[in-house]
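**Student:** Quick one, my_file.tsv (TSV, C-alpha atoms):
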```
chain	number	residue	atom	x	y	z
D	1	MET	CA	74.89	3.60	49.75
D	2	SER	CA	74.09	7.00	51.29
D	3	LYS	CA	70.54	8.32	51.17
D	4	MET	CA	71.68	10.97	48.71
D	5	ASN	CA	73.06	8.30	46.41
D	6	ILE	CA	69.79	6.34	46.60
D	7	ASP	CA	67.87	9.46	45.59
D	8	LYS	CA	70.26	9.93	42.69
D	9	LYS	CA	70.12	6.28	41.63
D	10	ILE	CA	66.31	6.35	41.59
D	11	VAL	CA	66.18	9.47	39.43
D	12	ASP	CA	68.98	8.15	37.18
D	13	ASP	CA	66.82	5.07	36.56
D	14	LEU	CA	63.78	7.23	35.78
D	15	VAL	CA	65.78	9.20	33.22
D	16	ALA	CA	67.39	6.08	31.75
D	17	ASN	CA	63.90	4.68	31.18
D	18	ASP	CA	62.87	7.83	29.33
D	19	ILE	CA	60.49	8.99	32.06
D	20	SER	CA	60.15	12.70	31.43
D	21	PHE	CA	56.94	13.65	33.26
D	22	VAL	CA	56.83	13.28	37.03
D	23	THR	CA	54.06	14.39	39.36
D	24	THR	CA	54.42	14.41	43.11
D	25	VAL	CA	52.52	14.76	46.34
D	26	PRO	CA	55.30	15.05	48.90
D	27	CYS	CA	56.38	12.83	51.76
D	28	LYS	CA	59.32	13.54	54.06
D	29	GLN	CA	60.94	10.25	53.07
D	30	LEU	CA	60.71	11.14	49.39
D	31	ALA	CA	61.87	14.74	49.75
D	32	GLY	CA	65.37	13.92	48.49
D	33	VAL	CA	64.02	12.18	45.36
D	34	ILE	CA	61.72	15.11	44.62
D	35	GLU	CA	64.64	17.51	45.09
D	36	GLU	CA	66.74	15.41	42.73
D	37	VAL	CA	63.94	15.34	40.11
D	38	GLU	CA	63.90	19.14	40.20
D	39	THR	CA	67.56	19.27	39.19
D	40	ARG	CA	67.10	17.24	35.98
D	41	ASP	CA	66.42	19.01	32.68
D	42	GLU	CA	65.17	15.74	31.16
D	43	VAL	CA	62.23	15.59	33.57
D	44	PHE	CA	59.24	17.93	33.77
D	45	HIS	CA	58.10	18.04	37.39
D	46	ILE	CA	54.52	19.08	38.14
D	47	PRO	CA	53.39	18.98	41.76
D	48	ALA	CA	49.78	17.78	42.20
D	49	ASN	CA	47.42	18.78	44.97
D	50	LYS	CA	45.96	15.31	45.33
D	51	GLU	CA	47.13	11.97	44.04
D	52	ASP	CA	44.09	11.23	41.85
D	53	GLU	CA	44.65	14.55	40.14
D	54	GLY	CA	48.28	13.51	39.64
D	55	MET	CA	47.20	10.25	38.02
D	56	GLY	CA	44.99	12.22	35.62
D	57	LEU	CA	48.01	14.34	34.66
D	58	CYS	CA	50.05	11.17	34.10
D	59	ALA	CA	47.32	9.61	31.94
D	60	GLY	CA	47.23	12.70	29.73
D	61	ALA	CA	51.01	12.93	29.49
D	62	TRP	CA	51.26	9.31	28.46
D	63	MET	CA	48.63	9.72	25.73
D	64	GLY	CA	50.63	12.77	24.62
D	65	GLY	CA	53.72	10.65	24.12
D	66	LYS	CA	55.63	11.07	27.38
D	67	ARG	CA	56.42	8.38	29.93
D	68	PRO	CA	55.06	9.44	33.33
D	69	ALA	CA	55.61	8.49	36.95
D	70	ILE	CA	53.92	9.47	40.20
D	71	ILE	CA	55.66	9.89	43.55
D	72	MET	CA	53.37	9.73	46.60
D	73	GLN	CA	52.71	8.32	50.06
D	74	ASN	CA	50.91	5.01	50.68
D	75	THR	CA	47.97	6.87	52.26
D	76	ALA	CA	47.23	7.87	48.64
D	77	ILE	CA	46.15	4.31	47.83
D	78	GLY	CA	43.06	5.15	49.86
D	79	VAL	CA	42.50	8.23	47.69
D	80	THR	CA	43.12	6.73	44.26
D	81	ILE	CA	41.39	3.34	44.08
D	82	ASN	CA	38.65	4.59	41.75
D	83	THR	CA	41.18	6.34	39.51
D	84	LEU	CA	43.40	3.27	39.35
D	85	ALA	CA	40.46	1.01	38.46
D	86	THR	CA	38.48	3.22	36.07
D	87	LEU	CA	41.23	5.24	34.39
D	88	ILE	CA	44.70	3.71	34.60
D	89	GLN	CA	43.63	0.04	34.50
D	90	TYR	CA	40.43	0.39	32.45
D	91	TYR	CA	42.18	2.23	29.59
D	92	ARG	CA	45.30	0.08	30.12
D	93	MET	CA	47.96	2.67	30.85
D	94	PRO	CA	51.41	2.24	32.40
D	95	LEU	CA	52.10	4.08	35.64
D	96	PRO	CA	55.06	3.53	37.93
D	97	MET	CA	54.09	4.63	41.45
D	98	LEU	CA	57.05	5.31	43.71
D	99	ILE	CA	55.45	5.15	47.13
D	100	SER	CA	56.74	5.99	50.56
D	101	TYR	CA	55.48	3.12	52.73
D	102	ARG	CA	54.72	4.89	55.96
D	103	GLY	CA	53.67	2.96	59.04
D	104	GLU	CA	56.22	0.16	58.68
D	105	LEU	CA	59.22	-0.68	60.93
D	106	ARG	CA	60.97	2.43	62.34
D	107	GLU	CA	57.83	4.56	61.87
D	108	PRO	CA	57.44	7.12	64.66
D	109	VAL	CA	53.84	8.23	63.93
D	110	ALA	CA	51.23	5.73	65.15
D	111	CYS	CA	48.43	6.86	62.85
D	112	GLN	CA	50.56	5.97	59.82
D	113	VAL	CA	50.31	2.30	60.83
D	114	GLU	CA	46.57	2.36	60.11
D	115	MET	CA	46.92	2.79	56.33
D	116	ALA	CA	50.06	0.62	56.28
D	117	LEU	CA	47.82	-2.25	57.44
D	118	HIS	CA	45.63	-1.83	54.35
D	119	THR	CA	48.23	-0.91	51.74
D	120	LYS	CA	49.28	-4.32	50.44
D	121	ALA	CA	45.79	-5.77	50.76
D	122	LEU	CA	44.32	-2.97	48.64
D	123	LEU	CA	47.07	-3.28	46.03
D	124	ALA	CA	46.53	-7.05	45.94
D	125	GLN	CA	42.77	-6.58	45.60
D	126	LEU	CA	43.45	-4.33	42.58
D	127	ASN	CA	45.89	-6.87	41.05
D	128	ILE	CA	48.59	-4.22	41.00
D	129	PRO	CA	52.13	-5.63	40.76
D	130	THR	CA	53.75	-4.58	44.02
D	131	TYR	CA	57.41	-4.45	45.05
D	132	HIS	CA	58.54	-3.71	48.60
D	133	PHE	CA	61.95	-2.07	49.13
D	134	HIS	CA	63.02	-2.87	52.70
D	135	LYS	CA	66.80	-3.10	52.37
D	136	GLN	CA	68.97	-0.60	50.54
D	137	SER	CA	70.10	-3.19	48.02
D	138	ASP	CA	66.47	-3.62	46.90
D	139	VAL	CA	66.90	-0.43	44.88
D	140	GLU	CA	68.90	-2.45	42.36
D	141	GLU	CA	65.58	-3.80	41.03
D	142	PHE	CA	64.13	-0.36	40.33
D	143	ASP	CA	65.36	-0.23	36.73
D	144	MET	CA	63.84	-3.66	35.98
D	145	ILE	CA	60.54	-2.66	37.59
D	146	LEU	CA	60.30	0.41	35.38
D	147	LYS	CA	60.96	-1.67	32.26
D	148	HIS	CA	58.34	-4.18	33.44
D	149	THR	CA	55.78	-1.39	33.94
D	150	PHE	CA	56.08	-0.06	30.39
D	151	MET	CA	56.23	-3.58	28.98
D	152	CYS	CA	52.87	-4.59	30.48
D	153	ASN	CA	51.06	-1.20	30.49
D	154	LYS	CA	49.91	-1.48	34.09
D	155	PRO	CA	50.13	0.61	37.22
D	156	VAL	CA	52.94	-0.80	39.36
D	157	ALA	CA	53.59	0.00	43.01
D	158	ILE	CA	57.07	0.34	44.53
D	159	LEU	CA	56.69	0.58	48.31
D	160	THR	CA	59.72	2.06	50.04
D	161	ASP	CA	59.71	1.76	53.83
D	162	ALA	CA	61.58	3.65	56.55
D	163	ASN	CA	64.20	0.94	56.89
D	164	PHE	CA	65.00	1.25	53.19
D	165	TRP	CA	65.51	4.98	53.67
D	166	GLY	CA	67.76	4.41	56.70
D	167	GLY	CA	65.15	5.31	59.31
D	168	TYR	CA	62.63	8.09	59.60
D	169	GLY	CA	64.05	11.32	60.99
D	170	GLU	CA	66.86	9.46	62.75
D	171	GLN	CA	69.35	9.76	59.88
J	1	MET	CA	20.48	26.41	25.74
J	2	ILE	CA	21.34	23.06	27.32
J	3	ARG	CA	24.73	21.33	26.98
J	4	SER	CA	23.77	19.13	24.00
J	5	GLU	CA	22.64	22.18	22.01
J	6	ILE	CA	25.96	23.89	22.75
J	7	LEU	CA	27.91	20.78	21.73
J	8	SER	CA	25.95	20.54	18.46
J	9	GLU	CA	26.75	24.15	17.71
J	10	ILE	CA	30.49	23.91	18.42
J	11	ALA	CA	30.98	20.41	16.93
J	12	PRO	CA	32.55	21.85	13.71
J	13	LEU	CA	35.12	23.68	15.88
J	14	LEU	CA	35.87	20.65	18.05
J	15	ARG	CA	36.25	18.28	15.11
J	16	ASP	CA	39.83	19.36	14.33
J	17	GLN	CA	41.02	19.50	17.95
J	18	LEU	CA	42.11	17.01	20.54
J	19	VAL	CA	39.14	16.88	22.90
J	20	VAL	CA	39.06	15.37	26.39
J	21	CYS	CA	35.43	14.99	27.39
J	22	ASN	CA	33.95	14.66	30.84
J	23	ILE	CA	32.37	11.46	32.18
J	24	GLY	CA	28.72	10.56	31.74
J	25	ILE	CA	26.15	12.31	29.62
J	26	PRO	CA	28.57	14.95	28.20
J	27	SER	CA	30.66	12.20	26.59
J	28	GLN	CA	27.53	10.37	25.44
J	29	GLU	CA	26.23	13.55	23.84
J	30	LEU	CA	29.53	14.36	22.11
J	31	HIS	CA	29.84	10.77	20.90
J	32	ALA	CA	26.32	10.83	19.44
J	33	ILE	CA	26.65	14.32	17.92
J	34	ASP	CA	30.06	13.90	16.25
J	35	ASP	CA	32.20	10.91	17.15
J	36	GLN	CA	35.86	11.49	16.26
J	37	PRO	CA	39.03	9.51	16.97
J	38	SER	CA	40.41	12.78	18.35
J	39	ASN	CA	37.81	12.66	21.15
J	40	PHE	CA	38.88	11.05	24.41
J	41	TYR	CA	35.71	9.95	26.20
J	42	MET	CA	35.92	9.46	29.93
J	43	LEU	CA	33.85	6.45	30.96
J	44	GLY	CA	34.63	6.76	34.66
J	45	THR	CA	36.72	8.76	37.13
J	46	MET	CA	34.62	11.86	37.75
J	47	GLY	CA	36.63	15.06	38.00
J	48	LEU	CA	39.81	14.26	36.12
J	49	ALA	CA	39.08	15.57	32.60
J	50	SER	CA	40.87	18.86	33.30
J	51	SER	CA	43.89	17.00	34.69
J	52	ILE	CA	44.10	14.52	31.80
J	53	GLY	CA	43.85	17.42	29.34
J	54	LEU	CA	46.55	19.35	31.17
J	55	GLY	CA	48.96	16.40	31.08
J	56	LEU	CA	48.22	16.00	27.38
J	57	ALA	CA	48.74	19.69	26.60
J	58	LEU	CA	52.05	19.69	28.49
J	59	ALA	CA	53.29	16.58	26.68
J	60	GLN	CA	52.69	17.66	23.07
J	61	PRO	CA	52.07	20.89	21.10
J	62	LYS	CA	48.59	20.43	19.55
J	63	PRO	CA	45.70	22.40	21.05
J	64	VAL	CA	43.72	20.50	23.68
J	65	VAL	CA	40.10	21.34	24.47
J	66	VAL	CA	38.74	19.90	27.70
J	67	ILE	CA	34.96	19.74	27.99
J	68	ASP	CA	34.27	19.70	31.69
J	69	GLY	CA	31.33	20.41	33.96
J	70	ASP	CA	30.74	22.48	37.07
J	71	GLY	CA	30.12	19.40	39.23
J	72	SER	CA	33.28	17.69	37.99
J	73	VAL	CA	35.48	20.74	38.53
J	74	LEU	CA	34.05	21.11	42.04
J	75	THR	CA	35.04	17.52	42.82
J	76	ASN	CA	38.66	18.18	41.74
J	77	LEU	CA	39.17	21.80	42.77
J	78	GLY	CA	42.88	21.21	43.29
J	79	THR	CA	43.11	21.18	39.51
J	80	LEU	CA	42.70	24.98	39.27
J	81	PRO	CA	45.98	25.93	41.02
J	82	THR	CA	47.80	23.27	39.01
J	83	ILE	CA	46.36	24.75	35.81
J	84	GLY	CA	47.03	28.31	36.99
J	85	ASN	CA	50.69	27.57	37.60
J	86	ASN	CA	51.46	25.18	34.74
J	87	ALA	CA	49.03	25.40	31.83
J	88	PRO	CA	50.75	25.84	28.46
J	89	PRO	CA	49.29	28.06	25.68
J	90	ASN	CA	47.67	25.07	23.92
J	91	TYR	CA	45.33	24.33	26.86
J	92	ILE	CA	41.66	25.26	26.90
J	93	LEU	CA	39.41	24.22	29.77
J	94	MET	CA	35.79	24.76	28.80
J	95	ILE	CA	33.49	24.30	31.77
J	96	ILE	CA	29.87	23.81	30.79
J	97	ASP	CA	28.36	25.35	33.91
J	98	ASN	CA	24.71	24.42	34.11
J	99	GLY	CA	24.59	24.55	37.90
J	100	SER	CA	23.69	20.91	38.23
J	101	TYR	CA	24.93	17.34	38.37
J	102	GLY	CA	23.41	16.43	35.01
J	103	SER	CA	24.36	12.76	34.82
J	104	THR	CA	22.89	11.90	38.20
J	105	GLY	CA	19.50	13.56	37.98
J	106	ASP	CA	20.14	17.31	37.82
J	107	GLN	CA	20.74	17.84	41.52
J	108	PRO	CA	21.92	21.45	42.02
J	109	THR	CA	25.62	22.26	42.45
J	110	TYR	CA	26.93	25.25	44.39
J	111	THR	CA	27.75	27.14	41.18
J	112	GLY	CA	24.02	27.71	40.78
J	113	LYS	CA	24.10	29.38	44.19
J	114	LYS	CA	26.90	31.58	45.54
J	115	THR	CA	29.99	29.91	44.06
J	116	CYS	CA	31.70	31.44	41.00
J	117	LEU	CA	34.04	29.13	39.08
J	118	ALA	CA	35.53	31.98	37.01
J	119	GLY	CA	36.44	33.79	40.22
J	120	MET	CA	37.95	30.63	41.67
J	121	ALA	CA	39.99	30.06	38.50
J	122	ARG	CA	41.32	33.63	38.65
J	123	ALA	CA	42.16	33.31	42.33
J	124	ALA	CA	43.97	30.05	41.53
J	125	GLY	CA	46.31	31.86	39.15
J	126	CYS	CA	44.65	31.29	35.77
J	127	ASP	CA	45.45	34.39	33.69
J	128	ARG	CA	42.91	34.14	30.87
J	129	VAL	CA	39.48	33.37	32.28
J	130	VAL	CA	36.40	34.10	30.20
J	131	GLU	CA	32.79	33.67	31.25
J	132	VAL	CA	30.11	33.67	28.57
J	133	GLN	CA	26.46	32.83	28.10
J	134	ASP	CA	25.57	29.68	26.14
J	135	VAL	CA	24.77	31.50	22.87
J	136	ASP	CA	28.29	32.98	22.76
J	137	THR	CA	30.16	29.69	23.24
J	138	GLY	CA	31.23	29.25	19.60
J	139	ALA	CA	32.73	32.73	19.32
J	140	ALA	CA	34.46	32.44	22.69
J	141	LEU	CA	35.93	29.03	21.86
J	142	LYS	CA	37.17	30.33	18.50
J	143	GLN	CA	38.84	33.26	20.27
J	144	ALA	CA	40.39	30.90	22.81
J	145	LEU	CA	41.83	28.74	20.02
J	146	GLU	CA	43.29	31.85	18.38
J	147	ALA	CA	44.47	33.48	21.62
J	148	GLY	CA	47.67	31.46	21.96
J	149	LYS	CA	47.18	31.56	25.72
J	150	ALA	CA	45.88	29.03	28.19
J	151	THR	CA	42.19	29.71	28.69
J	152	VAL	CA	39.54	28.77	31.19
J	153	LEU	CA	36.18	29.29	29.51
J	154	VAL	CA	33.13	29.12	31.75
J	155	VAL	CA	29.90	28.68	29.78
J	156	LYS	CA	26.75	29.48	31.74
J	157	CYS	CA	23.79	27.52	30.41
J	158	ASP	CA	20.57	25.75	31.33
J	159	SER	CA	20.41	22.45	33.12
J	160	GLY	CA	19.22	19.45	31.12
J	161	ASN	CA	20.31	16.40	29.17
J	162	ALA	CA	19.64	14.98	25.73
J	163	LYS	CA	18.67	11.29	25.63
J	164	MET	CA	21.71	9.60	24.11
J	165	PRO	CA	22.87	5.97	24.06
J	166	VAL	CA	25.70	4.72	26.28
J	167	ILE	CA	29.06	4.70	24.46
J	168	PRO	CA	29.63	1.16	23.18
J	169	LEU	CA	33.37	1.58	22.52
J	170	ASP	CA	35.91	-0.39	24.53
J	171	PRO	CA	38.12	1.93	26.62
J	172	VAL	CA	41.32	0.60	25.09
J	173	VAL	CA	39.90	1.31	21.61
J	174	ILE	CA	39.02	4.87	22.66
J	175	ARG	CA	42.51	5.37	24.04
J	176	ASP	CA	44.31	3.73	21.11
J	177	ARG	CA	42.57	5.68	18.37
J	178	PHE	CA	42.99	8.87	20.42
J	179	MET	CA	46.74	8.31	20.73
J	180	LYS	CA	46.94	7.77	16.97
J	181	ALA	CA	45.09	11.06	16.46
J	182	VAL	CA	47.58	12.77	18.81
J	183	GLN	CA	50.49	11.44	16.75
J	184	ALA	CA	48.89	12.10	13.33
```
Could you rewrite the structure in this file as structure tokens?
**Tutor:**
Amino acid sequence: MSKMNIDKKIVDDLVANDISFVTTVPCKQLAGVIEEVETRDEVFHIPANKEDEGMGLCAGAWMGGKRPAIIMQNTAIGVTINTLATLIQYYRMPLPMLISYRGELREPVACQVEMALHTKALLAQLNIPTYHFHKQSDVEEFDMILKHTFMCNKPVAILTDANFWGGYGEQ
Amino acid sequence: MIRSEILSEIAPLLRDQLVVCNIGIPSQELHAIDDQPSNFYMLGTMGLASSIGLGLALAQPKPVVVIDGDGSVLTNLGTLPTIGNNAPPNYILMIIDNGSYGSTGDQPTYTGKKTCLAGMARAAGCDRVVEVQDVDTGAALKQALEAGKATVLVVKCDSGNAKMPVIPLDPVVIRDRFMKAVQA
């Protein structure tokens, strides 16, 4: 599957699961998905300035009757722990988090490895269901993960690494 | 006037609206003055009331009144450009600006010094920004509800807190009854 088709498949799955409110803080790896979101009339896209702000937007949208999702980088886990614990989890709200997992294999920027080391440990500490897309075929589970998220009303992390995206900047 | 006196005065106006209320003593005061299922009390997560209210206003057509504070807006300043570029007509952000962190012991915030939240909101792209003194809050809120335009209302008032009990409601109960009020 080409990267463009992965972007399209991911957004197709969002739309098929009635997700109509998407907030984003960009990452180069997720640029194609964000671009694809912009093209869909079914989805309202609202860029956030920081990921905790984005989670607040998602919480409000969900209480207003729309299914939300947030698209962000794994460094954001360091920013949003309080919001995840005291808003999303405490009030029991669903939130799919499509996360670019920087600092994994094929990462060119050394500093990104520092938060990669903490990402899964922090998610585990928060008891957040976590899925790691490493091979392209892993994307086949995305639809099931979204259904699972809105079944259990929890934040759910989907970590997508550079190998999944076909390398970082070497495509 | 202090915040609790303002909330008592505008309670009849808030009663019929969806209200997202800031963490800490503001929510405790609103809960004690006039608890309503249409009030969403924040029990944690300082700073996100304006963002939650914006998501809510974008997702459904009923008016949304956010009761925020100067300290909380300062901690989530990125919210102002997002509001300025996206807020729908049913969104009202009312910032009770008492120049202090009320819930933590009235330490001063920068809005009591050189910083102007109304100016920051305007610079962030918010078109209708109104600053009033505490005694004019009711009239300004009424105008905002009738304006049919997204409004940032900055209410300058005195620092101080009323002694109110902690909210005993479970968060899922608060959220569930609020969502039913949204759908009603």
**Student:** Just to confirm, what's the straight-line distance from atom CA of Met1 of chain D to atom CA of Gln136 of chain D in Å (one decimal)?
**Tutor:**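 Distance between the two atoms: 7.3 Å.
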**Student:** Identify, on the basis of only C-alpha atoms, every residue whose closest approach to segment 14-21 of chain J does not exceed 8 Å; exclude the query and any residue fewer than 2 positions from it along the same chain; express the result as a PyMOL selection string.
**Tutor:** chain J and resi 10-12+23+26-27+30+34+36+38-42+49-50+52-53+62-68+181-182
**Student:** How would the residues just chosen look if you wrote them out with C-alpha atoms as a compact mmCIF listing (two decimals), in the coordinates of the input?
**Tutor:**
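Printed below is selection.txt as written:
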```
# COMPACT_ATOMS: atom_id res chain seq x y z
CA ILE J 10 30.49 23.91 18.42
CA ALA J 11 30.98 20.41 16.93
CA PRO J 12 32.55 21.85 13.71
CA ILE J 23 32.37 11.46 32.18
CA PRO J 26 28.57 14.95 28.20
CA SER J 27 30.66 12.20 26.59
CA LEU J 30 29.53 14.36 22.11
CA ASP J 34 30.06 13.90 16.25
CA GLN J 36 35.86 11.49 16.26
CA SER J 38 40.41 12.78 18.35
CA ASN J 39 37.81 12.66 21.15
CA PHE J 40 38.88 11.05 24.41
CA TYR J 41 35.71 9.95 26.20
CA MET J 42 35.92 9.46 29.93
CA ALA J 49 39.08 15.57 32.60
CA SER J 50 40.87 18.86 33.30
CA ILE J 52 44.10 14.52 31.80
CA GLY J 53 43.85 17.42 29.34
CA LYS J 62 48.59 20.43 19.55
CA PRO J 63 45.70 22.40 21.05
CA VAL J 64 43.72 20.50 23.68
CA VAL J 65 40.10 21.34 24.47
CA VAL J 66 38.74 19.90 27.70
CA ILE J 67 34.96 19.74 27.99
CA ASP J 68 34.27 19.70 31.69
CA ALA J 181 45.09 11.06 16.46
CA VAL J 182 47.58 12.77 18.81
```
**Student:** For a quick test of understanding: name the residues of chain J lying within 6 Å of chain D when counting only C-alpha atoms, and present them as a PDB file with C-alpha atoms, in the coordinates of the input.
**Tutor:**
```pdb
ATOM      1  CA  GLY J  44      34.630   6.760  34.660  1.00  0.00           C
ATOM      2  CA  THR J  45      36.720   8.760  37.130  1.00  0.00           C
ATOM      3  CA  LEU J  48      39.810  14.260  36.120  1.00  0.00           C
ATOM      4  CA  SER J  51      43.890  17.000  34.690  1.00  0.00           C
ATOM      5  CA  ILE J  52      44.100  14.520  31.800  1.00  0.00           C
ATOM      6  CA  GLY J  53      43.850  17.420  29.340  1.00  0.00           C
ATOM      7  CA  GLY J  55      48.960  16.400  31.080  1.00  0.00           C
ATOM      8  CA  LEU J  56      48.220  16.000  27.380  1.00  0.00           C
ATOM      9  CA  ALA J  59      53.290  16.580  26.680  1.00  0.00           C
ATOM     10  CA  GLN J  60      52.690  17.660  23.070  1.00  0.00           C
ATOM     11  CA  GLY J  78      42.880  21.210  43.290  1.00  0.00           C
ATOM     12  CA  PRO J 171      38.120   1.930  26.620  1.00  0.00           C
ATOM     13  CA  VAL J 172      41.320   0.600  25.090  1.00  0.00           C
ATOM     14  CA  MET J 179      46.740   8.310  20.730  1.00  0.00           C
TER      15      MET J 179
END
```
**Student:** By how many Å are atom CA of Ala32 of chain J and atom CA of Arg177 of chain J apart?
**Tutor:**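 Between atom CA of Ala32 of chain J and atom CA of Arg177 of chain J the gap works out to 17.1 Å.
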**Student:** Restricting the calculation to all atoms listed in the file: of J:Glu5, J:Asp170, J:Asp127, J:Asp97, which residue gets closest to Glu29 of chain J?
**Tutor:**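 Nearest to Glu29 of chain J: J:Glu5.
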**Student:** The residues within 12 Å of (53.3, 28.9, 37.9), using all atoms listed in the file and the coordinates of the file, should be reported as a CSV table (one decimal) with C-alpha atoms, in the coordinates of the input; which are they?
**Tutor:**
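For reference, point18.csv as written:
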```csv
chain,number,residue,atom,x,y,z
D,45,HIS,CA,58.1,18.0,37.4
D,46,ILE,CA,54.5,19.1,38.1
D,47,PRO,CA,53.4,19.0,41.8
J,80,LEU,CA,42.7,25.0,39.3
J,81,PRO,CA,46.0,25.9,41.0
J,82,THR,CA,47.8,23.3,39.0
J,83,ILE,CA,46.4,24.8,35.8
J,84,GLY,CA,47.0,28.3,37.0
J,85,ASN,CA,50.7,27.6,37.6
J,86,ASN,CA,51.5,25.2,34.7
J,87,ALA,CA,49.0,25.4,31.8
J,88,PRO,CA,50.8,25.8,28.5
J,124,ALA,CA,44.0,30.0,41.5
J,125,GLY,CA,46.3,31.9,39.2
J,126,CYS,CA,44.6,31.3,35.8
J,127,ASP,CA,45.4,34.4,33.7
```
**Student:** Which residue out of J:Ala147, J:Leu153, J:Leu54, J:Leu117 has the minimum interatomic distance to Val130 of chain J when all atoms listed in the file are used?
**Tutor:** J:Leu153
**Student:** Could you tell me how far atom CA of Met97 of chain D sits from atom CA of Met72 of chain D, in Å to one decimal place?
**Tutor:**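 Value for the atom CA of Met72 of chain D-atom CA of Met97 of chain D distance: 7.3 Å.
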**Student:** Some atoms are absent from segment 55-72 of chain J, so rebuild N, CA and C atoms and return them as a PDB file, in the coordinates of the input.
**Tutor:**
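See rebuild-v1.pdb below for the written result:
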```pdb
ATOM      1  N   GLY J  55      47.807  17.277  31.346  1.00  0.00           N
ATOM      2  CA  GLY J  55      48.960  16.400  31.080  1.00  0.00           C
ATOM      3  C   GLY J  55      49.205  16.273  29.590  1.00  0.00           C
ATOM      4  N   LEU J  56      48.112  16.133  28.838  1.00  0.00           N
ATOM      5  CA  LEU J  56      48.220  16.000  27.380  1.00  0.00           C
ATOM      6  C   LEU J  56      48.772  17.267  26.738  1.00  0.00           C
ATOM      7  N   ALA J  57      48.290  18.416  27.177  1.00  0.00           N
ATOM      8  CA  ALA J  57      48.740  19.690  26.600  1.00  0.00           C
ATOM      9  C   ALA J  57      50.217  19.947  26.922  1.00  0.00           C
ATOM     10  N   LEU J  58      50.652  19.497  28.095  1.00  0.00           N
ATOM     11  CA  LEU J  58      52.050  19.690  28.490  1.00  0.00           C
ATOM     12  C   LEU J  58      52.982  18.745  27.726  1.00  0.00           C
ATOM     13  N   ALA J  59      52.436  17.610  27.274  1.00  0.00           N
ATOM     14  CA  ALA J  59      53.290  16.580  26.680  1.00  0.00           C
ATOM     15  C   ALA J  59      53.473  16.752  25.177  1.00  0.00           C
ATOM     16  N   GLN J  60      52.610  17.521  24.534  1.00  0.00           N
ATOM     17  CA  GLN J  60      52.690  17.660  23.070  1.00  0.00           C
ATOM     18  C   GLN J  60      52.091  19.023  22.670  1.00  0.00           C
ATOM     19  N   PRO J  61      52.396  19.489  21.447  1.00  0.00           N
ATOM     20  CA  PRO J  61      52.070  20.890  21.100  1.00  0.00           C
ATOM     21  C   PRO J  61      50.680  21.161  20.553  1.00  0.00           C
ATOM     22  N   LYS J  62      49.905  20.151  20.161  1.00  0.00           N
ATOM     23  CA  LYS J  62      48.590  20.430  19.550  1.00  0.00           C
ATOM     24  C   LYS J  62      47.629  21.026  20.596  1.00  0.00           C
ATOM     25  N   PRO J  63      46.696  21.864  20.123  1.00  0.00           N
ATOM     26  CA  PRO J  63      45.700  22.400  21.050  1.00  0.00           C
ATOM     27  C   PRO J  63      44.862  21.285  21.688  1.00  0.00           C
ATOM     28  N   VAL J  64      44.545  21.455  22.942  1.00  0.00           N
ATOM     29  CA  VAL J  64      43.720  20.500  23.680  1.00  0.00           C
ATOM     30  C   VAL J  64      42.514  21.253  24.237  1.00  0.00           C
ATOM     31  N   VAL J  65      41.312  20.758  23.911  1.00  0.00           N
ATOM     32  CA  VAL J  65      40.100  21.340  24.470  1.00  0.00           C
ATOM     33  C   VAL J  65      39.497  20.343  25.449  1.00  0.00           C
ATOM     34  N   VAL J  66      39.378  20.745  26.689  1.00  0.00           N
ATOM     35  CA  VAL J  66      38.740  19.900  27.700  1.00  0.00           C
ATOM     36  C   VAL J  66      37.302  20.356  27.851  1.00  0.00           C
ATOM     37  N   ILE J  67      36.361  19.426  27.718  1.00  0.00           N
ATOM     38  CA  ILE J  67      34.960  19.740  27.990  1.00  0.00           C
ATOM     39  C   ILE J  67      34.635  19.198  29.380  1.00  0.00           C
ATOM     40  N   ASP J  68      34.483  20.109  30.306  1.00  0.00           N
ATOM     41  CA  ASP J  68      34.270  19.700  31.690  1.00  0.00           C
ATOM     42  C   ASP J  68      32.929  20.234  32.176  1.00  0.00           C
ATOM     43  N   GLY J  69      32.581  19.926  33.406  1.00  0.00           N
ATOM     44  CA  GLY J  69      31.330  20.410  33.960  1.00  0.00           C
ATOM     45  C   GLY J  69      31.552  21.055  35.314  1.00  0.00           C
ATOM     46  N   ASP J  70      30.580  21.813  35.778  1.00  0.00           N
ATOM     47  CA  ASP J  70      30.740  22.480  37.070  1.00  0.00           C
ATOM     48  C   ASP J  70      30.880  21.454  38.199  1.00  0.00           C
ATOM     49  N   GLY J  71      30.058  20.414  38.173  1.00  0.00           N
ATOM     50  CA  GLY J  71      30.120  19.400  39.230  1.00  0.00           C
ATOM     51  C   GLY J  71      31.464  18.699  39.253  1.00  0.00           C
ATOM     52  N   SER J  72      31.998  18.404  38.069  1.00  0.00           N
ATOM     53  CA  SER J  72      33.280  17.690  37.990  1.00  0.00           C
ATOM     54  C   SER J  72      34.439  18.568  38.423  1.00  0.00           C
TER      55      SER J  72
END
```
